[in-house]
Amino acid sequence: MRDKISVPLSPLGDLVDLGRYPIDLPDSVAYERLLADLRRELAEDGCAVLPGFVHAAGIARLVSEADGVSARAHHSSARTNAYFSKDDPRLSADHPLRQFYDRSNAFIPADHFGAESPLRQVYEAASFMPFIRAALQEPEDRFFRYDDPLADVIINMVEEGDGFPWHFDTNNYTVTLAIQNPETGGAFEYAPNLRNAEDENFAGVARVLSGQRAQVRSIDLEPGDLQIFRGRYSLHRVAPMQGRRRRYVGIFSFVETEGMCGGVERTRQLYGRVLPLHHQRAGRRTDALKD
């Protein structure tokens, strides 16, 4: 689909297929062509996929890393709504804020991925953030790495019986890397651009929650695929999976407000703990949407 070009081996090249995706050559024609493809996909529905972004040798390292830290995952089960908020009895019983579903999965927090982590090496590569920012067409003063020591770069680990129901993301931009798929199931489903910074569109959310599929799209990501997703505005979930093989997905987070980190309630739910930083920076964002 995209031209391969000859590039010298580099530390990033030990993980990323730089011949197919020359993110380290921003002045090249291939780089501009790649950006044009991604921008078109993002404009259409807030989601773009780069198949095989990490090559097979890189995936082998990432699977080994995930297996090695899997015991550090925080498993949690709860009844949650799409906003990770508490019930509000002042609202009608069918309001989206009052629709709660079983959530059961695990996250391996960011503080288990040190400087030698291949997952962090991708996230912190000098060319990676500028490439993602260019694809999203965001200015430098409104695009930052997520400043959360528990959640800037993490792995979502899902096992048979787990489920992650419909929800919105805290941060505007989520970049995910498929590392390992389950034996069956586990598709990524989303309703693109269901809300925006000025409008929660509770009516549209209610339609999806009720089972209407007209606005829902589904993607089966393969190990090595990189996905750029505007999860703050698109309702999404992971479909149920089956089999004994775990589903691993790396999550790289970027935000539009410098110094932003996760909310206290959501951080405690997902990682089992909060840090003083989460209390100090609670509410540091540019919109007033529900979490």
# chains A, B, ... in the order shown; residues from 1 in each chain; ligands from 1
call {"tool": "closest_atom_pairs", "arguments": {"of": "region 104-161 of chain A", "to": "region 238-242 of chain A", "cutoff": "12 Å", "atoms": "only C-alpha atoms", "output": "CSV"}}
result
residue,atom,partner,partner_atom,distance
A:Ser104,CA,A:Pro240,CA,10.8
A:Asn105,CA,A:Val238,CA,10.5
A:Asn156,CA,A:Val238,CA,10.9
A:Met157,CA,A:Val238,CA,11.4
A:Val158,CA,A:Met241,CA,8.3
A:Glu159,CA,A:Met241,CA,7.6
A:Glu160,CA,A:Gln242,CA,5.2
A:Gly161,CA,A:Met241,CA,7.3
call {"tool": "write_last_selection", "arguments": {"atoms": "C-alpha atoms", "output": "PDB file, in the first residue's frame"}}
result
ATOM      1  CA  SER A 104     -13.457  -6.766  34.324  1.00  0.00           C
ATOM      2  CA  ASN A 105      -9.927  -6.486  32.967  1.00  0.00           C
ATOM      3  CA  ASN A 156      -4.199  -3.438  28.746  1.00  0.00           C
ATOM      4  CA  MET A 157      -4.385  -7.164  29.519  1.00  0.00           C
ATOM      5  CA  VAL A 158      -7.618  -9.030  28.883  1.00  0.00           C
ATOM      6  CA  GLU A 159      -8.252 -12.676  29.708  1.00  0.00           C
ATOM      7  CA  GLU A 160     -11.174 -14.959  28.980  1.00  0.00           C
ATOM      8  CA  GLY A 161     -14.215 -13.818  30.923  1.00  0.00           C
TER       9      GLY A 161
END
call {"tool": "closest_atom_pairs", "arguments": {"of": "region 21-66 of chain A", "to": "region 199-221 of chain A", "cutoff": "12 Å", "atoms": "only C-alpha atoms", "output": "CSV"}}
result
residue,atom,partner,partner_atom,distance
A:Asp45,CA,A:Arg217,CA,9.6
A:Gly46,CA,A:Arg217,CA,11.5
A:Cys47,CA,A:Ile219,CA,10.2
A:Ala48,CA,A:Ile219,CA,10.5
A:Val49,CA,A:Leu221,CA,8.5
A:Leu50,CA,A:Leu221,CA,9.8
A:Pro51,CA,A:Leu221,CA,8.1
A:Gly52,CA,A:Leu221,CA,9.8
A:Phe53,CA,A:Leu221,CA,11.6
call {"tool": "write_last_selection", "arguments": {"atoms": "C-alpha atoms", "output": "tab-separated table (two decimals), in the first residue's frame"}}
result
chain	number	residue	atom	x	y	z
A	45	ASP	CA	-14.11	8.91	11.61
A	46	GLY	CA	-11.43	9.80	14.15
A	47	CYS	CA	-9.55	6.52	13.70
A	48	ALA	CA	-6.55	5.46	11.61
A	49	VAL	CA	-4.63	2.18	11.51
A	50	LEU	CA	-1.04	1.48	10.40
A	51	PRO	CA	-0.88	-2.29	9.73
A	52	GLY	CA	2.40	-3.92	10.73
A	53	PHE	CA	3.88	-0.74	12.25
call {"tool": "residues_around", "arguments": {"residues": "region 55-59 of chain A", "least_positions_apart": "6", "cutoff": "12 Å", "atoms": "only C-alpha atoms", "output": "JSON, numbers by chain"}}
result
{"A": [11, 12, 13, 14, 15, 16, 17, 18, 19, 20, 21, 65, 66, 117, 118, 119, 121, 122, 177, 178, 179, 180, 181, 222, 223, 224, 225, 226, 248, 249, 250]}
call {"tool": "select_by_dssp", "arguments": {"residues": "region 19-223 of chain A", "states": "helix (DSSP H, G or I)", "output": "compact mmCIF listing (two decimals) with C-alpha atoms, in the first residue's frame"}}
result
# COMPACT_ATOMS: atom_id res chain seq x y z
CA VAL A 29 8.06 12.13 0.12
CA ALA A 30 7.10 8.80 1.70
CA TYR A 31 6.56 10.53 5.07
CA GLU A 32 4.26 13.13 3.52
CA ARG A 33 2.33 10.44 1.67
CA LEU A 34 1.91 8.51 4.91
CA LEU A 35 0.63 11.60 6.72
CA ALA A 36 -1.87 12.31 3.95
CA ASP A 37 -3.31 8.80 4.29
CA LEU A 38 -3.60 9.06 8.06
CA ARG A 39 -5.14 12.53 8.01
CA ARG A 40 -7.80 11.36 5.58
CA GLU A 41 -8.71 8.39 7.78
CA LEU A 42 -8.80 10.53 10.93
CA ALA A 43 -10.99 13.14 9.24
CA GLU A 44 -13.47 10.47 8.21
CA ASP A 45 -14.11 8.91 11.61
CA ALA A 56 7.61 -9.44 13.80
CA ALA A 57 10.92 -9.24 15.70
CA GLY A 58 9.69 -6.19 17.59
CA ILE A 59 6.42 -7.90 18.48
CA ALA A 60 8.34 -10.89 19.87
CA ARG A 61 10.16 -8.53 22.25
CA LEU A 62 6.93 -6.81 23.26
CA VAL A 63 5.15 -10.11 23.94
CA SER A 64 8.09 -11.24 26.07
CA GLU A 65 7.97 -7.96 27.99
CA ALA A 66 4.21 -8.22 28.55
CA ASP A 67 4.50 -11.80 29.78
CA GLY A 68 7.28 -10.74 32.13
CA VAL A 69 5.27 -7.99 33.84
CA SER A 70 1.82 -9.59 33.59
CA ALA A 71 1.90 -10.46 37.29
CA ARG A 72 2.09 -6.70 38.03
CA PRO A 96 -26.54 7.15 29.93
CA LEU A 97 -25.00 8.33 33.18
CA ARG A 98 -27.19 5.77 34.95
CA ALA A 110 3.32 2.76 33.44
CA ASP A 111 5.75 2.61 36.35
CA HIS A 112 6.54 -1.00 35.36
CA PRO A 118 10.71 -1.62 24.26
CA LEU A 119 7.19 -0.27 24.70
CA ARG A 120 8.53 2.92 26.30
CA GLN A 121 11.28 3.15 23.69
CA VAL A 122 8.63 3.52 21.01
CA TYR A 123 6.63 6.07 23.04
CA PHE A 128 7.31 9.27 17.45
CA MET A 129 5.44 12.15 19.11
CA PRO A 130 6.11 14.63 16.26
CA PHE A 131 4.79 12.03 13.81
CA ILE A 132 1.60 11.43 15.81
CA ARG A 133 1.13 15.19 16.28
CA ALA A 134 1.55 15.79 12.54
CA ALA A 135 -0.97 13.06 11.73
CA LEU A 136 -3.49 14.70 14.07
CA GLU A 140 3.04 21.97 19.38
CA ASP A 141 1.55 24.04 22.21
CA ARG A 142 -1.53 21.79 22.35
CA PHE A 202 -26.55 11.91 25.56
CA ALA A 203 -29.29 10.92 23.09
CA GLY A 204 -26.75 9.48 20.66
CA VAL A 205 -24.91 7.68 23.45
CA ALA A 206 -28.20 6.21 24.67
CA ARG A 207 -28.91 4.76 21.22
CA VAL A 208 -25.60 2.89 21.14
CA LEU A 209 -25.99 1.67 24.71
call {"tool": "select_by_dssp", "arguments": {"residues": "region 48-101 of chain A", "states": "strand (DSSP E or B)", "output": "JSON, numbers by chain"}}
result
{"A": [48, 49, 50, 54, 74, 75, 76, 77, 78, 79, 80, 101]}
